[in-house]
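Structure data (mmCIF, C-alpha atoms and all ligand atoms) from query16.cif:
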```cif
data_input
#
loop_
_atom_site.label_atom_id
_atom_site.label_comp_id
_atom_site.auth_asym_id
_atom_site.auth_seq_id
_atom_site.Cartn_x
_atom_site.Cartn_y
_atom_site.Cartn_z
CA MET I 1 -38.83 -76.72 4.18
CA LYS I 2 -38.00 -80.32 4.94
CA THR I 3 -36.10 -81.98 2.07
CA ILE I 4 -34.38 -85.33 1.58
CA ARG I 5 -31.63 -85.35 -1.02
CA LEU I 6 -29.51 -88.14 -2.44
CA GLU I 7 -26.05 -86.48 -2.45
CA LYS I 8 -24.21 -89.39 -4.07
CA PRO I 9 -24.67 -93.18 -4.16
CA GLU I 10 -25.47 -94.63 -0.72
CA HIS I 11 -25.71 -91.17 0.88
CA PHE I 12 -28.97 -89.35 1.69
CA THR I 13 -29.12 -86.14 3.72
CA THR I 14 -32.00 -84.20 5.24
CA LEU I 15 -31.76 -80.47 4.75
CA GLU I 16 -33.76 -77.26 4.83
CA THR I 17 -34.50 -75.77 1.41
CA ALA I 18 -36.48 -72.64 0.48
CA PHE I 19 -40.22 -73.00 -0.06
CA PRO I 20 -41.23 -72.56 -3.72
CA SER I 21 -42.53 -69.18 -4.86
CA GLU I 22 -46.03 -68.59 -6.24
CA PRO I 23 -47.18 -70.85 -9.09
CA SER I 24 -47.10 -69.23 -12.54
CA ALA I 25 -49.83 -69.49 -15.19
CA GLY I 26 -50.82 -73.12 -15.74
CA GLU I 27 -48.98 -74.32 -12.63
CA ALA I 28 -50.03 -75.54 -9.20
CA LEU I 29 -48.21 -75.47 -5.87
CA VAL I 30 -48.77 -78.76 -4.05
CA SER I 31 -47.86 -80.12 -0.65
CA VAL I 32 -46.34 -83.58 -0.89
CA GLN I 33 -48.00 -85.98 1.55
CA LYS I 34 -46.96 -89.47 0.43
CA VAL I 35 -44.04 -90.65 -1.69
CA GLY I 36 -43.84 -94.21 -3.03
CA ILE I 37 -40.36 -95.72 -3.29
CA CYS I 38 -39.55 -97.96 -6.25
CA GLY I 39 -36.79 -99.79 -8.09
CA THR I 40 -35.69 -96.60 -9.80
CA ASP I 41 -34.98 -95.03 -6.39
CA LEU I 42 -33.19 -98.14 -5.14
CA HIS I 43 -30.99 -98.21 -8.27
CA ALA I 44 -30.22 -94.50 -7.87
CA PHE I 45 -29.24 -95.13 -4.24
CA ARG I 46 -26.92 -97.94 -5.26
CA GLY I 47 -25.43 -95.88 -8.10
CA ARG I 48 -26.77 -98.21 -10.77
CA GLN I 49 -29.37 -96.00 -12.41
CA PRO I 50 -28.46 -95.19 -16.03
CA PHE I 51 -28.49 -91.52 -17.13
CA PHE I 52 -28.62 -90.28 -13.55
CA SER I 53 -26.74 -87.37 -11.96
CA TYR I 54 -26.17 -86.41 -8.30
CA PRO I 55 -27.19 -84.67 -6.13
CA ARG I 56 -30.86 -85.40 -6.79
CA ILE I 57 -34.09 -85.08 -4.80
CA LEU I 58 -35.86 -88.36 -5.52
CA GLY I 59 -39.61 -88.97 -5.49
CA HIS I 60 -41.76 -89.58 -8.56
CA GLU I 61 -44.71 -91.50 -7.03
CA LEU I 62 -46.62 -88.75 -5.30
CA GLY I 63 -49.85 -88.24 -3.41
CA VAL I 64 -50.31 -84.47 -3.01
CA GLU I 65 -52.71 -81.74 -1.89
CA VAL I 66 -53.15 -78.57 -3.95
CA MET I 67 -52.09 -75.45 -1.97
CA ALA I 68 -52.33 -72.72 -4.65
CA ILE I 69 -52.98 -72.44 -8.35
CA GLY I 70 -51.68 -70.02 -10.98
CA SER I 71 -53.82 -68.22 -13.55
CA ASN I 72 -55.55 -70.26 -16.25
CA VAL I 73 -55.72 -73.38 -14.09
CA THR I 74 -59.06 -75.15 -14.38
CA GLN I 75 -58.10 -78.81 -13.80
CA VAL I 76 -57.75 -78.51 -10.01
CA LYS I 77 -58.62 -76.23 -7.12
CA VAL I 78 -57.08 -75.56 -3.71
CA GLY I 79 -57.60 -78.51 -1.37
CA ASP I 80 -57.85 -81.18 -4.09
CA HIS I 81 -56.04 -84.46 -3.50
CA CYS I 82 -54.16 -85.66 -6.57
CA ALA I 83 -51.79 -88.16 -8.10
CA VAL I 84 -48.93 -86.56 -10.02
CA GLU I 85 -48.03 -87.67 -13.52
CA PRO I 86 -44.27 -87.12 -13.20
CA TYR I 87 -43.47 -87.25 -16.92
CA LEU I 88 -42.61 -83.70 -17.97
CA ASN I 89 -42.84 -83.68 -21.77
CA CYS I 90 -41.98 -80.98 -24.31
CA GLY I 91 -45.36 -80.88 -26.08
CA THR I 92 -43.84 -80.29 -29.52
CA CYS I 93 -41.79 -83.35 -30.58
CA ILE I 94 -43.23 -86.05 -32.85
CA ALA I 95 -44.15 -88.30 -29.91
CA CYS I 96 -45.92 -85.47 -28.09
CA ARG I 97 -47.71 -84.42 -31.29
CA ASN I 98 -48.94 -87.98 -31.63
CA GLY I 99 -50.26 -88.08 -28.07
CA LYS I 100 -47.39 -90.23 -26.75
CA SER I 101 -46.22 -87.95 -23.96
CA ASN I 102 -44.84 -91.01 -22.13
CA CYS I 103 -41.99 -91.31 -24.64
CA CYS I 104 -41.34 -87.63 -25.47
CA GLU I 105 -37.97 -87.12 -27.16
CA SER I 106 -36.82 -84.86 -24.33
CA LEU I 107 -38.76 -86.41 -21.47
CA GLN I 108 -37.83 -85.27 -17.96
CA VAL I 109 -39.13 -87.43 -15.14
CA LEU I 110 -39.61 -85.72 -11.78
CA GLY I 111 -37.32 -87.30 -9.20
CA VAL I 112 -35.13 -88.90 -11.88
CA HIS I 113 -33.91 -86.31 -14.42
CA VAL I 114 -35.05 -83.29 -12.39
CA ASP I 115 -35.61 -82.88 -8.64
CA GLY I 116 -38.72 -84.66 -7.41
CA GLY I 117 -41.04 -84.87 -4.46
CA MET I 118 -39.04 -85.81 -1.36
CA ARG I 119 -39.72 -82.32 0.04
CA GLU I 120 -42.67 -80.55 1.59
CA GLN I 121 -43.85 -78.61 -1.47
CA ILE I 122 -43.27 -78.54 -5.21
CA ILE I 123 -44.66 -76.69 -8.21
CA VAL I 124 -45.93 -78.81 -11.10
CA PRO I 125 -47.83 -78.13 -14.34
CA ALA I 126 -51.49 -78.32 -13.32
CA HIS I 127 -52.36 -80.65 -16.22
CA LYS I 128 -50.03 -83.26 -14.66
CA LEU I 129 -52.34 -83.51 -11.63
CA HIS I 130 -55.06 -86.17 -11.54
CA ARG I 131 -57.56 -85.67 -8.73
CA SER I 132 -59.81 -87.93 -6.74
CA ASP I 133 -62.45 -86.93 -4.22
CA SER I 134 -62.47 -90.27 -2.43
CA LEU I 135 -59.09 -92.02 -2.59
CA ALA I 136 -56.56 -91.81 0.22
CA LEU I 137 -53.35 -89.89 -0.49
CA GLU I 138 -51.45 -93.14 -0.09
CA GLN I 139 -53.53 -94.71 -2.86
CA LEU I 140 -52.88 -91.69 -5.07
CA ALA I 141 -49.14 -92.23 -4.57
CA LEU I 142 -49.58 -95.73 -6.03
CA VAL I 143 -51.12 -94.56 -9.31
CA GLU I 144 -47.79 -93.98 -11.09
CA THR I 145 -46.55 -97.49 -10.27
CA LEU I 146 -49.81 -99.05 -11.42
CA GLY I 147 -49.57 -97.00 -14.62
CA ILE I 148 -46.54 -99.03 -15.71
CA GLY I 149 -48.62 -102.22 -15.83
CA CYS I 150 -51.74 -100.50 -17.13
CA HIS I 151 -49.88 -99.07 -20.12
CA ALA I 152 -48.03 -102.34 -20.80
CA VAL I 153 -51.34 -104.23 -20.84
CA ASP I 154 -52.79 -101.62 -23.22
CA ARG I 155 -49.77 -101.97 -25.49
CA ALA I 156 -50.31 -105.74 -25.76
CA GLN I 157 -54.02 -105.34 -26.67
CA LEU I 158 -55.18 -108.37 -24.68
CA SER I 159 -58.43 -110.09 -25.50
CA ALA I 160 -60.41 -111.99 -22.88
CA GLN I 161 -59.63 -115.70 -22.36
CA GLU I 162 -56.18 -115.38 -23.91
CA ASN I 163 -53.30 -117.23 -22.19
CA ILE I 164 -50.63 -114.82 -21.02
CA LEU I 165 -47.33 -115.27 -19.21
CA VAL I 166 -45.95 -112.69 -16.77
CA ILE I 167 -42.26 -113.13 -16.00
CA GLY I 168 -41.26 -111.59 -12.66
CA ALA I 169 -43.50 -110.71 -9.72
CA GLY I 170 -41.78 -107.57 -8.50
CA PRO I 171 -43.87 -104.38 -8.39
CA ILE I 172 -43.81 -104.01 -12.19
CA GLY I 173 -44.96 -107.60 -12.74
CA LEU I 174 -47.66 -107.14 -10.11
CA SER I 175 -48.94 -104.03 -11.85
CA VAL I 176 -49.13 -105.99 -15.12
CA ILE I 177 -51.03 -108.78 -13.34
CA GLN I 178 -53.42 -106.27 -11.78
CA PHE I 179 -54.57 -104.89 -15.15
CA ALA I 180 -54.38 -108.18 -17.03
CA GLN I 181 -56.89 -109.50 -14.47
CA VAL I 182 -59.22 -106.62 -15.28
CA LYS I 183 -59.10 -107.86 -18.92
CA GLY I 184 -60.15 -111.37 -17.88
CA VAL I 185 -57.19 -113.29 -19.31
CA ASN I 186 -55.72 -116.56 -18.06
CA ILE I 187 -52.45 -115.66 -16.30
CA THR I 188 -49.42 -117.87 -15.73
CA LEU I 189 -46.63 -116.45 -13.57
CA LEU I 190 -42.96 -117.35 -13.95
CA GLU I 191 -41.24 -116.45 -10.68
CA PRO I 192 -38.43 -118.47 -9.07
CA ASN I 193 -38.54 -116.50 -5.79
CA ALA I 194 -40.91 -118.51 -3.55
CA GLN I 195 -41.77 -115.55 -1.31
CA ARG I 196 -42.86 -113.45 -4.29
CA ALA I 197 -44.80 -116.31 -5.89
CA GLN I 198 -46.66 -116.91 -2.61
CA PHE I 199 -47.48 -113.22 -2.34
CA CYS I 200 -49.09 -113.43 -5.80
CA GLN I 201 -51.04 -116.54 -4.92
CA LYS I 202 -52.34 -115.02 -1.71
CA HIS I 203 -53.13 -111.47 -2.79
CA PHE I 204 -53.69 -111.74 -6.56
CA ASN I 205 -55.20 -115.21 -6.77
CA ILE I 206 -52.56 -116.48 -9.18
CA SER I 207 -52.68 -120.27 -9.01
CA ASN I 208 -50.70 -121.00 -12.17
CA THR I 209 -47.07 -120.49 -11.18
CA ILE I 210 -43.85 -121.87 -12.65
CA ASN I 211 -40.89 -121.57 -10.30
CA LYS I 212 -38.23 -123.69 -12.00
CA LEU I 213 -36.16 -122.16 -14.78
CA ASP I 214 -34.72 -125.33 -16.36
CA ASN I 215 -37.65 -126.46 -18.52
CA ILE I 216 -39.93 -123.50 -18.90
CA GLU I 217 -41.25 -124.19 -22.40
CA THR I 218 -42.33 -127.75 -21.52
CA ASP I 219 -43.84 -126.61 -18.22
CA LEU I 220 -45.80 -123.92 -20.06
CA ARG I 221 -47.11 -126.32 -22.70
CA ASN I 222 -48.14 -128.75 -19.96
CA ALA I 223 -50.01 -126.01 -18.14
CA LEU I 224 -51.70 -124.63 -21.25
CA GLY I 225 -53.00 -127.72 -23.01
CA GLY I 226 -50.02 -127.98 -25.35
CA ASP I 227 -49.91 -124.30 -26.36
CA LEU I 228 -47.53 -121.50 -25.53
CA PRO I 229 -48.94 -118.18 -24.23
CA THR I 230 -50.03 -115.74 -26.94
CA VAL I 231 -48.69 -112.81 -24.90
CA VAL I 232 -45.56 -112.71 -22.75
CA PHE I 233 -44.70 -109.76 -20.49
CA ASP I 234 -41.14 -109.64 -19.23
CA ALA I 235 -41.01 -107.57 -16.03
CA THR I 236 -37.65 -108.76 -14.73
CA GLY I 237 -35.13 -106.20 -15.92
CA ASN I 238 -32.86 -109.23 -16.39
CA VAL I 239 -31.13 -109.61 -19.76
CA HIS I 240 -31.09 -113.43 -19.66
CA SER I 241 -34.78 -113.59 -18.91
CA MET I 242 -35.59 -111.08 -21.65
CA HIS I 243 -33.50 -112.99 -24.14
CA ASN I 244 -35.14 -116.29 -23.22
CA ALA I 245 -38.64 -114.78 -23.35
CA PHE I 246 -38.50 -114.82 -27.18
CA SER I 247 -38.70 -118.63 -27.09
CA LEU I 248 -41.79 -118.66 -24.84
CA VAL I 249 -44.18 -116.80 -27.17
CA ALA I 250 -46.78 -118.71 -29.22
CA ASN I 251 -46.74 -118.46 -33.00
CA GLY I 252 -48.52 -115.26 -33.95
CA GLY I 253 -48.04 -113.91 -30.42
CA ARG I 254 -46.67 -110.72 -28.80
CA LEU I 255 -43.72 -110.12 -26.50
CA THR I 256 -43.84 -106.99 -24.35
CA LEU I 257 -40.65 -105.89 -22.62
CA VAL I 258 -41.72 -103.86 -19.59
CA GLY I 259 -38.50 -103.99 -17.57
CA ILE I 260 -35.41 -102.32 -18.99
CA VAL I 261 -31.72 -103.26 -19.10
CA LEU I 262 -28.57 -101.51 -20.33
CA ASP I 263 -27.39 -104.56 -22.29
CA ASP I 264 -28.08 -105.53 -25.90
CA ILE I 265 -30.84 -108.08 -26.36
CA THR I 266 -30.37 -110.42 -29.32
CA PHE I 267 -32.72 -112.95 -30.91
CA LYS I 268 -32.55 -115.57 -33.66
CA ASP I 269 -34.31 -114.11 -36.66
CA PRO I 270 -35.60 -117.43 -38.13
CA GLU I 271 -37.33 -118.15 -34.80
CA PHE I 272 -38.73 -114.64 -34.70
CA HIS I 273 -39.99 -114.90 -38.27
CA ARG I 274 -41.30 -118.45 -37.91
CA ARG I 275 -43.54 -117.16 -35.15
CA GLU I 276 -44.40 -113.91 -36.93
CA MET I 277 -43.92 -112.44 -33.50
CA THR I 278 -44.72 -108.86 -32.51
CA LEU I 279 -42.14 -107.28 -30.21
CA LEU I 280 -43.24 -104.33 -28.05
CA SER I 281 -41.55 -102.14 -25.49
CA SER I 282 -43.56 -100.24 -22.90
CA ARG I 283 -42.39 -97.05 -21.24
CA ASN I 284 -44.04 -95.09 -18.42
CA SER I 285 -47.73 -94.40 -18.99
CA LEU I 286 -50.19 -91.91 -20.46
CA PRO I 287 -52.47 -89.31 -18.89
CA GLU I 288 -55.51 -91.45 -19.73
CA ASN I 289 -53.93 -94.33 -17.78
CA PHE I 290 -53.84 -92.13 -14.65
CA LYS I 291 -57.53 -91.27 -15.06
CA ARG I 292 -58.54 -94.88 -15.69
CA ILE I 293 -56.53 -96.24 -12.74
CA ILE I 294 -58.04 -93.69 -10.37
CA HIS I 295 -61.49 -94.72 -11.59
CA LEU I 296 -60.72 -98.45 -11.14
CA MET I 297 -59.43 -97.76 -7.62
CA GLU I 298 -62.51 -95.71 -6.75
CA THR I 299 -64.84 -98.49 -7.88
CA GLY I 300 -62.75 -101.12 -6.08
CA GLU I 301 -61.96 -103.08 -9.26
CA VAL I 302 -58.30 -102.49 -8.46
CA ASP I 303 -57.64 -103.34 -4.81
CA THR I 304 -54.65 -101.46 -3.43
CA ASN I 305 -54.63 -103.15 -0.03
CA PRO I 306 -51.84 -105.65 -0.76
CA TRP I 307 -49.48 -103.07 -2.16
CA ILE I 308 -48.02 -101.06 0.71
CA THR I 309 -45.79 -103.30 2.82
CA HIS I 310 -43.43 -100.77 4.44
CA ARG I 311 -43.75 -97.19 5.71
CA ALA I 312 -41.35 -94.54 7.02
CA THR I 313 -41.71 -90.97 8.25
CA TYR I 314 -39.45 -88.11 7.16
CA ASP I 315 -37.27 -88.68 10.23
CA GLN I 316 -37.03 -92.45 9.69
CA LEU I 317 -36.45 -92.67 5.95
CA ILE I 318 -32.66 -92.31 5.78
CA ASN I 319 -32.10 -95.06 8.36
CA GLN I 320 -34.73 -97.40 6.99
CA PHE I 321 -34.02 -97.06 3.28
CA PRO I 322 -30.97 -99.42 3.13
CA SER I 323 -32.98 -102.21 4.79
CA TRP I 324 -35.43 -102.17 1.85
CA LEU I 325 -32.76 -103.11 -0.69
CA THR I 326 -32.55 -106.87 -0.16
CA PRO I 327 -35.10 -109.33 -1.58
CA GLU I 328 -35.49 -110.81 1.93
CA ALA I 329 -37.03 -107.55 3.12
CA GLY I 330 -40.09 -108.48 1.04
CA VAL I 331 -40.76 -104.90 0.03
CA VAL I 332 -43.53 -104.54 -2.54
CA LYS I 333 -44.07 -100.84 -2.00
CA ALA I 334 -42.50 -98.66 0.68
CA MET I 335 -44.11 -95.31 1.40
CA LEU I 336 -42.54 -92.11 2.76
CA GLU I 337 -45.03 -90.11 4.82
CA PHE I 338 -44.49 -86.36 5.28
ZN ZN U 1 -41.53 -95.76 -9.73
ZN ZN U 2 -42.01 -84.18 -26.62
#
```
How does the structure come out when it is put into structure tokens?
Amino acid sequence: MKTIRLEKPEHFTTLETAFPSEPSAGEALVSVQKVGICGTDLHAFRGRQPFFSYPRILGHELGVEVMAIGSNVTQVKVGDHCAVEPYLNCGTCIACRNGKSNCCESLQVLGVHVDGGMREQIIVPAHKLHRSDSLALEQLALVETLGIGCHAVDRAQLSAQENILVIGAGPIGLSVIQFAQVKGVNITLLEPNAQRAQFCQKHFNISNTINKLDNIETDLRNALGGDLPTVVFDATGNVHSMHNAFSLVANGGRLTLVGIVLDDITFKDPEFHRREMTLLSSRNSLPENFKRIIHLMETGEVDTNPWITHRATYDQLINQFPSWLTPEAGVVKAMLEF
């Protein structure tokens, strides 16, 4: 079957691999129709993805059709269209026992730690499939990306009318904005890249944008009637931004780090204590996020139209992929179509 594999940094190949065998009990065989490309894939391509080994078949944002099911599978039937929750968890560690499968102690993410979906067919645990009768396969391939923001917003426990700051309007920041809007909060965006800020204004109705980095605290207080935001989401994956974000949180507020960096992040404890700040990280998402996102897409509360900016077929992907790496390309979400 058709397969795209990342052999080493900067080097994809297309190759023929064997079709999977029959699904075992609790598993489903699915045909991969759409594969979203994200920052994780771009970092893997550049050789900058931590804890990553080559060769690897990428692809963790999948829109699939069920081809066959093993015994004891009740969640899906042949022909169903599904999003795939790519977080393969052990089911027995403390996190799994507490319902936090997103941060399982031995988590394996499809397309990152184990081979993923850039191939015609894969076998997955059936309970990792989330079906929809009405969404397009392309929309289903967006659910995983949206889950990052959905879970981060849940972590921060937003209440309506609260002032929040989102730092960074890449895909992760956009997914935070998308679900923060569902909560009815007042969003300010900090984004120095004019193209990205304009995209947010046009497609997400964000009018409150700060684009200069030299006087952020004053700019925020001016915009928010003298206050700082009670919740700050950092979606930059930039250590300087994450470090600085501590100083942008209101007293009694929460800071949620959505993006991740390899560096240490330090903060001044008296400032942290003076604010009685709550610091949160957010990793991946939960099965209930997948179900909720699919529902919000089906009802139209979450509009996926702005998301997909670039597309490539199986034959085009290897040539087109490098052109998606630069900020000038304006890629929000690129989609591989099988
Ligand atoms: Zn992703
Ligand atoms: Zn576990």
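What separates atom CA of Ile294 of chain I from atom CA of Leu135 of chain I is a distance of 8.0 Å.
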Any chance you could tabulate, as CSV, the residues of chain I at most 6 Å from ligand ZN 2 (chain U) with each one's nearest atom pair and distance in Å to one decimal, using all atoms listed in the file, in chain and rising number order?
```
residue,atom,partner,partner_atom,distance
I:Asn89,CA,U:ZN2,ZN,4.9
I:Cys90,CA,U:ZN2,ZN,3.9
I:Gly91,CA,U:ZN2,ZN,4.7
I:Thr92,CA,U:ZN2,ZN,5.2
I:Cys93,CA,U:ZN2,ZN,4.1
I:Ala95,CA,U:ZN2,ZN,5.7
I:Cys96,CA,U:ZN2,ZN,4.4
I:Cys104,CA,U:ZN2,ZN,3.7
I:Glu105,CA,U:ZN2,ZN,5.0
I:Ser106,CA,U:ZN2,ZN,5.7
```
Could you give me, as a Markdown table, every segment 212-326 of chain I residue with an atom at most 12 Å from segment 187-192 of chain I, plus its closest atom pair and distance in Å to one decimal, counting all atoms listed in the file, rows ordered by chain then number?
```
| residue | atom | partner | partner_atom | distance |
| --- | --- | --- | --- | --- |
| I:Lys212 | CA | I:Pro192 | CA | 6.0 |
| I:Leu213 | CA | I:Pro192 | CA | 7.2 |
| I:Asp214 | CA | I:Pro192 | CA | 10.7 |
| I:Asn215 | CA | I:Leu190 | CA | 11.5 |
| I:Ile216 | CA | I:Leu190 | CA | 8.5 |
| I:Glu217 | CA | I:Leu190 | CA | 11.0 |
| I:Asp219 | CA | I:Leu190 | CA | 10.2 |
| I:Leu220 | CA | I:Thr188 | CA | 8.3 |
| I:Arg221 | CA | I:Thr188 | CA | 11.2 |
| I:Asn222 | CA | I:Thr188 | CA | 11.7 |
| I:Ala223 | CA | I:Thr188 | CA | 8.5 |
| I:Leu224 | CA | I:Thr188 | CA | 9.0 |
| I:Leu228 | CA | I:Thr188 | CA | 10.6 |
| I:Pro229 | CA | I:Thr188 | CA | 8.5 |
| I:Thr230 | CA | I:Ile187 | CA | 10.9 |
| I:Val231 | CA | I:Ile187 | CA | 9.8 |
| I:Val232 | CA | I:Thr188 | CA | 9.5 |
| I:Phe233 | CA | I:Leu189 | CA | 9.8 |
| I:Asp234 | CA | I:Leu190 | CA | 9.5 |
| I:Ala235 | CA | I:Leu190 | CA | 10.2 |
| I:Thr236 | CA | I:Glu191 | CA | 9.4 |
| I:Ser241 | CA | I:Leu190 | CA | 10.3 |
| I:Ala245 | CA | I:Leu190 | CA | 10.7 |
| I:Leu248 | CA | I:Leu190 | CA | 11.0 |
```
Within-12 Å residues of ligand ZN 1 (chain U), basis all atoms listed in the file, as a PyMOL selection string
chain I and resi 35-44+58-62+84-87+109-112+116+141-149+170-172+175+259+283-285+332-335
Selection near Lys268 of chain I, 10 Å with only C-alpha atoms, sequence-local residues under 3 positions removed, as a list in words
His243, Phe246, Ser247, Glu271, Phe272 and His273 of chain I
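The smallest atom-to-atom distance between Ile308 of chain I and any of I:Lys34, I:Ala169, I:Thr278, I:Pro20, using only C-alpha atoms, is found for I:Lys34.
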Near segment 9-19 of chain I, 9 Å: segment 83-126 of chain I residue rows, closest pairs, all atoms listed in the file, as a tab-separated table:
```
residue	atom	partner	partner_atom	distance
I:Arg119	CA	I:Thr17	CA	8.5
I:Glu120	CA	I:Phe19	CA	8.1
I:Gln121	CA	I:Phe19	CA	6.8
I:Ile122	CA	I:Phe19	CA	8.2
```
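One distance worth recording is that between atom CA of Thr266 of chain I and atom CA of Ile164 of chain I, which is 22.3 Å.
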